$ cat work_0.tsv   # TSV, C-alpha atoms and all ligand atoms
chain	number	residue	atom	x	y	z
X	1	MET	CA	0.00	0.00	0.00
X	2	ILE	CA	1.49	3.32	-1.03
X	3	THR	CA	0.71	6.07	1.41
X	4	ILE	CA	1.22	9.70	0.52
X	5	ASP	CA	1.27	12.43	3.14
X	6	PRO	CA	-0.98	15.14	1.68
X	7	ASN	CA	0.75	17.74	3.84
X	8	LYS	CA	4.16	17.02	2.40
X	9	LEU	CA	3.37	17.06	-1.30
X	10	PRO	CA	5.93	18.63	-3.59
X	11	GLU	CA	4.48	21.87	-4.93
X	12	HIS	CA	5.81	21.22	-8.42
X	13	VAL	CA	6.72	17.95	-10.14
X	14	ALA	CA	8.54	17.95	-13.48
X	15	ILE	CA	8.88	14.83	-15.64
X	16	ILE	CA	11.25	13.78	-18.43
X	17	MET	CA	9.09	11.24	-20.25
X	18	ASP	CA	11.60	8.98	-21.93
X	19	GLY	CA	11.50	5.51	-23.46
X	20	ASN	CA	8.57	5.52	-25.89
X	21	GLY	CA	10.83	4.38	-28.72
X	22	ARG	CA	12.39	1.57	-26.70
X	23	TRP	CA	8.96	0.43	-25.54
X	24	ALA	CA	7.91	0.08	-29.18
X	25	LYS	CA	11.17	-1.55	-30.22
X	26	LYS	CA	10.78	-4.25	-27.58
X	27	ARG	CA	7.46	-5.12	-29.20
X	28	SER	CA	8.78	-4.79	-32.77
X	29	ILE	CA	6.20	-2.13	-33.54
X	30	ASN	CA	6.53	1.37	-34.96
X	31	ARG	CA	7.96	4.09	-32.65
X	32	VAL	CA	4.81	6.12	-33.17
X	33	ARG	CA	2.85	3.41	-31.38
X	34	GLY	CA	5.19	3.98	-28.43
X	35	HIS	CA	4.34	7.68	-28.44
X	36	GLN	CA	0.63	6.83	-28.63
X	37	GLN	CA	0.94	4.62	-25.57
X	38	GLY	CA	3.02	7.38	-23.96
X	39	ALA	CA	0.13	9.79	-24.47
X	40	GLU	CA	-2.10	7.38	-22.51
X	41	THR	CA	0.41	7.53	-19.65
X	42	VAL	CA	0.29	11.33	-19.82
X	43	ARG	CA	-3.50	11.20	-19.30
X	44	GLU	CA	-3.16	8.94	-16.28
X	45	ILE	CA	-0.38	10.98	-14.69
X	46	VAL	CA	-2.22	14.29	-15.17
X	47	ARG	CA	-5.33	12.77	-13.59
X	48	THR	CA	-3.37	11.30	-10.67
X	49	SER	CA	-1.57	14.61	-10.06
X	50	ARG	CA	-4.87	16.44	-9.82
X	51	GLU	CA	-6.38	13.78	-7.53
X	52	MET	CA	-3.34	14.03	-5.28
X	53	GLY	CA	-3.76	17.79	-5.02
X	54	LEU	CA	-0.57	18.78	-6.82
X	55	SER	CA	-0.38	22.46	-7.82
X	56	TRP	CA	2.13	22.33	-10.68
X	57	LEU	CA	2.98	19.54	-13.14
X	58	THR	CA	5.45	20.10	-15.98
X	59	LEU	CA	6.00	17.57	-18.76
X	60	TYR	CA	8.86	17.53	-21.26
X	61	ALA	CA	6.77	16.77	-24.34
X	62	PHE	CA	9.08	17.94	-27.15
X	63	SER	CA	12.63	19.21	-26.88
X	64	GLU	CA	14.55	21.65	-29.09
X	65	GLU	CA	16.69	18.63	-30.05
X	66	ASN	CA	13.62	16.61	-31.09
X	67	TRP	CA	13.40	18.71	-34.29
X	68	LYS	CA	16.29	16.53	-35.55
X	69	ARG	CA	14.03	13.46	-35.66
X	70	PRO	CA	12.60	12.18	-38.96
X	71	GLN	CA	9.84	14.40	-40.33
X	72	ARG	CA	7.36	11.55	-40.10
X	73	GLU	CA	7.93	11.10	-36.38
X	74	ILE	CA	7.71	14.85	-35.73
X	75	GLY	CA	4.43	14.97	-37.67
X	76	ALA	CA	3.06	12.06	-35.65
X	77	LEU	CA	4.05	13.71	-32.36
X	78	MET	CA	2.37	16.98	-33.36
X	79	LYS	CA	-0.78	15.12	-34.36
X	80	LEU	CA	-0.77	13.25	-31.08
X	81	LEU	CA	-0.37	16.47	-29.16
X	82	LYS	CA	-3.34	18.05	-30.95
X	83	ARG	CA	-5.46	14.98	-30.28
X	84	PHE	CA	-4.43	14.97	-26.62
X	85	LEU	CA	-5.29	18.65	-26.17
X	86	LYS	CA	-8.68	18.35	-27.84
X	87	GLY	CA	-9.47	15.14	-25.96
X	88	GLU	CA	-8.44	16.48	-22.54
X	89	LEU	CA	-10.07	19.91	-22.67
X	90	GLU	CA	-13.31	18.80	-21.07
X	91	GLU	CA	-11.53	17.03	-18.21
X	92	MET	CA	-9.23	20.01	-17.69
X	93	GLN	CA	-12.28	22.26	-17.35
X	94	GLU	CA	-14.04	19.89	-14.97
X	95	ASN	CA	-10.95	19.56	-12.80
X	96	GLY	CA	-9.80	23.18	-12.76
X	97	ILE	CA	-6.60	22.53	-14.70
X	98	ARG	CA	-4.93	25.46	-16.45
X	99	LEU	CA	-2.76	24.60	-19.43
X	100	GLN	CA	0.35	26.60	-20.24
X	101	SER	CA	3.40	25.97	-22.38
X	102	ILE	CA	7.09	26.80	-22.21
X	103	GLY	CA	9.54	26.73	-25.10
X	104	ARG	CA	9.98	28.27	-28.51
X	105	ILE	CA	6.32	27.76	-29.33
X	106	GLU	CA	6.60	29.86	-32.50
X	107	LYS	CA	8.46	26.94	-34.09
X	108	LEU	CA	5.48	24.58	-33.80
X	109	PRO	CA	3.33	24.04	-36.91
X	110	GLU	CA	0.52	26.58	-37.15
X	111	ASP	CA	-2.33	24.11	-36.69
X	112	THR	CA	-0.73	22.67	-33.54
X	113	ARG	CA	-0.12	26.15	-32.16
X	114	LYS	CA	-3.71	27.11	-32.84
X	115	VAL	CA	-5.11	24.18	-30.83
X	116	LEU	CA	-2.57	24.82	-28.07
X	117	PHE	CA	-3.46	28.51	-27.75
X	118	ASP	CA	-7.14	27.72	-27.91
X	119	VAL	CA	-6.91	25.26	-24.97
X	120	MET	CA	-4.64	27.67	-23.05
X	121	ASP	CA	-7.22	30.46	-23.54
X	122	GLN	CA	-10.15	28.31	-22.56
X	123	THR	CA	-8.48	27.04	-19.38
X	124	ALA	CA	-6.83	30.35	-18.43
X	125	SER	CA	-8.99	31.04	-15.40
X	126	ASN	CA	-8.76	27.53	-13.89
X	127	LYS	CA	-7.15	27.61	-10.48
X	128	ASP	CA	-6.57	24.12	-9.11
X	129	MET	CA	-3.52	22.88	-11.00
X	130	VAL	CA	-1.22	24.21	-13.70
X	131	LEU	CA	-0.19	21.71	-16.37
X	132	THR	CA	2.83	23.02	-18.25
X	133	LEU	CA	3.88	21.38	-21.49
X	134	ALA	CA	7.48	22.00	-22.48
X	135	LEU	CA	7.34	22.15	-26.28
X	136	SER	CA	10.23	22.97	-28.58
X	137	TYR	CA	11.90	23.50	-25.23
X	138	GLY	CA	15.57	23.71	-24.30
X	139	GLY	CA	16.93	24.86	-20.94
X	140	ARG	CA	19.91	26.67	-22.42
X	141	GLN	CA	17.70	28.35	-25.00
X	142	GLU	CA	15.41	29.46	-22.16
X	143	ILE	CA	18.33	31.03	-20.28
X	144	LEU	CA	19.53	32.61	-23.52
X	145	ASP	CA	16.06	34.06	-24.28
X	146	ALA	CA	15.84	35.39	-20.71
X	147	THR	CA	19.28	37.00	-21.04
X	148	ARG	CA	18.20	38.71	-24.26
X	149	LYS	CA	15.04	40.00	-22.56
X	150	ILE	CA	17.09	41.44	-19.69
X	151	GLY	CA	19.66	42.86	-22.15
X	152	ALA	CA	16.88	44.65	-24.01
X	153	GLU	CA	15.66	46.22	-20.75
X	154	ILE	CA	19.18	47.45	-20.05
X	155	GLU	CA	19.46	48.88	-23.59
X	156	LYS	CA	16.21	50.76	-23.07
X	157	GLY	CA	17.62	52.16	-19.85
X	158	ASN	CA	14.91	50.55	-17.70
X	159	ILE	CA	17.38	48.70	-15.47
X	160	SER	CA	21.11	48.72	-14.83
X	161	ALA	CA	23.43	45.68	-14.93
X	162	ASP	CA	23.85	45.53	-11.18
X	163	GLU	CA	20.11	45.26	-10.75
X	164	ILE	CA	20.21	41.78	-12.33
X	165	SER	CA	19.34	39.33	-9.55
X	166	GLU	CA	18.46	35.66	-9.33
X	167	GLN	CA	14.86	36.75	-8.91
X	168	LEU	CA	14.98	38.82	-12.09
X	169	ILE	CA	16.44	35.91	-14.04
X	170	SER	CA	13.76	33.54	-12.65
X	171	ASN	CA	11.06	36.03	-13.60
X	172	SER	CA	12.46	36.40	-17.12
X	173	LEU	CA	12.16	32.69	-17.92
X	174	TYR	CA	9.33	31.40	-20.15
X	175	SER	CA	6.90	31.06	-17.24
X	176	GLU	CA	7.23	33.99	-14.90
X	177	GLU	CA	5.23	32.62	-12.01
X	178	MET	CA	6.20	28.93	-12.10
X	179	PRO	CA	7.91	27.83	-8.86
X	180	ASP	CA	11.07	25.70	-9.18
X	181	PRO	CA	10.23	21.98	-9.25
X	182	GLU	CA	10.83	20.14	-5.99
X	183	LEU	CA	10.88	16.75	-7.68
X	184	LEU	CA	12.16	15.77	-11.12
X	185	ILE	CA	11.23	12.30	-12.40
X	186	ARG	CA	13.00	10.70	-15.35
X	187	THR	CA	11.85	7.41	-16.85
X	188	SER	CA	13.81	4.81	-18.83
X	189	GLY	CA	16.91	4.80	-16.65
X	190	GLU	CA	19.11	7.45	-18.22
X	191	TYR	CA	21.14	9.55	-15.74
X	192	ARG	CA	20.89	12.86	-17.59
X	193	VAL	CA	18.93	16.09	-17.34
X	194	SER	CA	18.84	16.56	-21.14
X	195	ASN	CA	18.60	20.34	-21.23
X	196	PHE	CA	15.42	20.40	-19.12
X	197	LEU	CA	14.69	23.31	-16.75
X	198	LEU	CA	18.40	23.90	-16.15
X	199	TRP	CA	18.02	27.06	-14.10
X	200	GLN	CA	15.03	25.78	-12.13
X	201	ILE	CA	16.46	22.42	-10.95
X	202	ALA	CA	19.33	23.79	-8.89
X	203	TYR	CA	17.93	22.24	-5.66
X	204	THR	CA	15.48	19.74	-7.11
X	205	GLU	CA	15.31	16.16	-5.86
X	206	ILE	CA	15.75	13.68	-8.71
X	207	TYR	CA	14.00	10.31	-9.08
X	208	ILE	CA	15.17	8.04	-11.89
X	209	THR	CA	13.41	4.80	-12.76
X	210	PRO	CA	14.29	2.20	-15.41
X	211	THR	CA	10.59	1.93	-16.31
X	212	LEU	CA	9.87	3.06	-19.87
X	213	TRP	CA	7.39	5.96	-20.03
X	214	PRO	CA	4.49	3.96	-21.58
X	215	ASP	CA	4.77	1.53	-18.64
X	216	PHE	CA	5.01	4.22	-15.95
X	217	SER	CA	1.97	3.56	-13.76
X	218	LYS	CA	-0.04	5.48	-11.21
X	219	ASP	CA	1.46	3.27	-8.49
X	220	GLU	CA	5.02	4.00	-9.55
X	221	TYR	CA	4.23	7.71	-9.65
X	222	LEU	CA	2.92	7.49	-6.09
X	223	GLU	CA	6.08	5.58	-5.10
X	224	ALA	CA	8.19	8.42	-6.51
X	225	ILE	CA	6.22	10.93	-4.44
X	226	GLN	CA	6.56	8.73	-1.37
X	227	ASP	CA	10.31	8.46	-1.95
X	228	PHE	CA	10.49	12.26	-2.17
X	229	GLN	CA	8.61	12.58	1.11
X	230	LYS	CA	11.25	10.49	2.88
X	231	ARG	CA	14.16	12.67	1.76
X	232	LYS	CA	15.80	15.26	3.94
X	233	ARG	CA	16.24	18.48	2.02
X	234	ARG	CA	19.01	20.73	3.23
X	235	PHE	CA	19.57	23.20	0.38
X	236	GLY	CA	23.25	23.33	1.25
X	237	GLY	CA	22.51	24.05	4.90
X	238	THR	CA	22.79	21.66	7.83
X	239	LYS	CA	19.20	20.80	8.68
X	240	GLU	CA	15.98	20.13	6.86
X	241	GLU	CA	14.22	23.31	5.79
X	301	LIG	C1	10.74	10.13	-25.48
X	301	LIG	O1	10.64	8.93	-26.12
X	301	LIG	C2	9.58	10.95	-25.54
X	301	LIG	C3	9.38	12.04	-26.35
X	301	LIG	C4	10.09	12.35	-27.57
X	301	LIG	C5	8.39	13.04	-25.97
X	301	LIG	C6	7.25	12.62	-25.12
X	301	LIG	C7	6.05	12.44	-25.91
X	301	LIG	C8	4.96	11.78	-25.48
X	301	LIG	C9	4.84	11.18	-24.14
X	301	LIG	C10	3.84	11.59	-26.40
X	301	LIG	C11	2.75	12.56	-26.42
X	301	LIG	C12	2.83	13.73	-25.53
X	301	LIG	C13	1.73	14.40	-25.12
X	301	LIG	C14	1.86	15.59	-24.24
X	301	LIG	C15	0.40	13.99	-25.51
X	301	LIG	P1	11.82	8.54	-27.08
X	301	LIG	O2	11.25	8.49	-28.45
X	301	LIG	O3	12.98	9.46	-26.90
X	301	LIG	O4	12.19	7.10	-26.56
X	301	LIG	P2	13.56	6.33	-26.78
X	301	LIG	O5	14.62	7.12	-26.05
X	301	LIG	O6	13.28	5.01	-26.17
X	301	LIG	O7	13.78	6.26	-28.26
$ encode --input "work_0.tsv" --output "structure tokens"
Amino acid sequence: MITIDPNKLPEHVAIIMDGNGRWAKKRSINRVRGHQQGAETVREIVRTSREMGLSWLTLYAFSEENWKRPQREIGALMKLLKRFLKGELEEMQENGIRLQSIGRIEKLPEDTRKVLFDVMDQTASNKDMVLTLALSYGGRQEILDATRKIGAEIEKGNISADEISEQLISNSLYSEEMPDPELLIRTSGEYRVSNFLLWQIAYTEIYITPTLWPDFSKDEYLEAIQDFQKRKRRFGGTKEE
């Protein structure tokens, strides 16, 4: 029995969803089928997060580097994303979930962007949980874009260089109000952060499981949360804060 302490929930969980391709390969089926099954896991994990009472969930759905994949796979991922957004809208509304995105969204195909913006608009006033999809996202690119934003403010004379603070950098990232994740989960057993939320994960607890994303279950998600709840977080100090 997995017991979660509702008073010690992480405020923000971020997930690197990896292993769709390997899941498909193991079954000698097309990679796209792995992504389709991965989208089912996304549904289950979003639902579980909301049931748990999580405030922020961020999913790495498409990286800057993913543009290097074959055109067919990119097309399939975009189609899957559109289908997911259209299919989940009703449940997001019923459950008070606000959708937002981080990344270089302007690079997404126009029809995908349109559906994305439409769902973001329709869910904008929901207050119970924020679901952030990282799309065309890269952590270095995010820091670079933030630096350019700050540079432009300096050029305009609105701020001076010595007014740049950690807070200002945090507020200049793609999502101004998103708190840093307290827990980062990565599936499929790779020990890497893969350019995900580089600035934000400075003090984040990391949970890595060999389970491939399409097989990542509600129970394993709860185990990851439970594991987080047992950790002592010191933030470089000497006692738990
Ligand atoms: C990694 O699998 C996963 C991705 C490229 C992105 C995640 C995409 C999904 C879960 C599908 C749909 C998403 C949404 C939001 C509906 P991989 O192909 O890198 O796996 P591999 O490393 O085993 O090849």
$ residues_around --input "work_0.tsv" --residues "X:Asn66" --least-positions-apart "3" --cutoff "12 Å" --atoms "only C-alpha atoms" --output "PyMOL selection string"
chain X and resi 60-63+69-71+73-75+77-78+107-108+134-138+194-195
$ closest_residue --input "work_0.tsv" --among "X:Thr112, X:Gln226, X:Ser188, X:Thr123" --to "X:Gly19" --atoms "all atoms listed in the file"
X:Ser188
$ atom_distance --input "work_0.tsv" --atom1 "atom CA of X:Asn7" --atom2 "atom CA of X:Leu183"
15.4 Å
$ closest_atom_pairs --input "work_0.tsv" --of "chain X" --to "ligand LIG 301 (chain X)" --cutoff "10 Å" --atoms "all atoms listed in the file" --output "tab-separated table"
residue	atom	partner	partner_atom	distance
X:Ile15	CA	X:LIG301	C6	9.9
X:Ile16	CA	X:LIG301	C2	7.8
X:Met17	CA	X:LIG301	C2	5.3
X:Asp18	CA	X:LIG301	C1	3.8
X:Gly19	CA	X:LIG301	O6	3.3
X:Asn20	CA	X:LIG301	O1	4.0
X:Gly21	CA	X:LIG301	O7	3.5
X:Arg22	CA	X:LIG301	O6	3.6
X:Trp23	CA	X:LIG301	O6	6.3
X:Ala24	CA	X:LIG301	O6	7.9
X:Lys25	CA	X:LIG301	O6	8.0
X:Lys26	CA	X:LIG301	O6	9.7
X:Arg31	CA	X:LIG301	O2	6.9
X:Val32	CA	X:LIG301	O2	8.3
X:Arg33	CA	X:LIG301	C10	9.6
X:Gly34	CA	X:LIG301	O2	7.6
X:His35	CA	X:LIG301	C10	4.4
X:Gln36	CA	X:LIG301	C10	6.2
X:Gln37	CA	X:LIG301	C10	7.6
X:Gly38	CA	X:LIG301	C9	4.2
X:Ala39	CA	X:LIG301	C11	4.3
X:Glu40	CA	X:LIG301	C15	7.7
X:Thr41	CA	X:LIG301	C9	7.3
X:Val42	CA	X:LIG301	C9	6.3
X:Arg43	CA	X:LIG301	C15	7.8
X:Leu59	CA	X:LIG301	C14	7.1
X:Tyr60	CA	X:LIG301	C6	6.4
X:Ala61	CA	X:LIG301	C6	4.2
X:Phe62	CA	X:LIG301	C5	5.1
X:Ser63	CA	X:LIG301	C4	7.3
X:Glu65	CA	X:LIG301	C4	9.4
X:Asn66	CA	X:LIG301	C4	6.6
X:Trp67	CA	X:LIG301	C4	9.8
X:Arg69	CA	X:LIG301	C4	9.1
X:Glu73	CA	X:LIG301	O2	9.0
X:Ile74	CA	X:LIG301	C4	8.9
X:Ala76	CA	X:LIG301	C11	9.2
X:Leu77	CA	X:LIG301	C11	6.2
X:Met78	CA	X:LIG301	C11	8.2
X:Lys79	CA	X:LIG301	C15	9.0
X:Leu80	CA	X:LIG301	C15	5.7
X:Leu81	CA	X:LIG301	C15	4.5
X:Lys82	CA	X:LIG301	C15	7.8
X:Arg83	CA	X:LIG301	C15	7.6
X:Phe84	CA	X:LIG301	C15	5.1
X:Leu85	CA	X:LIG301	C15	7.4
X:Gly87	CA	X:LIG301	C15	9.9
X:Glu88	CA	X:LIG301	C15	9.7
X:Thr132	CA	X:LIG301	C14	9.6
X:Leu133	CA	X:LIG301	C14	6.7
X:Ala134	CA	X:LIG301	C14	8.7
X:Leu135	CA	X:LIG301	C14	8.8
X:Thr187	CA	X:LIG301	C1	9.1
X:Ser188	CA	X:LIG301	O6	7.4
X:Gly189	CA	X:LIG301	O5	9.9
X:Glu190	CA	X:LIG301	O5	9.0
X:Leu212	CA	X:LIG301	O6	7.4
X:Trp213	CA	X:LIG301	C9	7.1
X:Pro214	CA	X:LIG301	C9	7.7
$ residues_around --input "work_0.tsv" --residues "X:Met129" --least-positions-apart "4" --cutoff "10 Å" --atoms "all atoms listed in the file" --output "VMD selection string"
chain X and resid 12 46 49 to 50 53 to 57 92 95 to 99
$ atom_distance --input "work_0.tsv" --atom1 "atom CA of X:Tyr203" --atom2 "atom CA of X:Glu182"
7.4 Å
$ closest_residue --input "work_0.tsv" --among "X:Ser160, X:Ser217, X:Ser165, X:Thr3" --to "X:Met52" --atoms "only C-alpha atoms"
X:Thr3
$ closest_residue --input "work_0.tsv" --among "X:Leu184, X:Ala152, X:Ile105, X:Leu198" --to "X:Pro10" --atoms "all atoms listed in the file"
X:Leu184
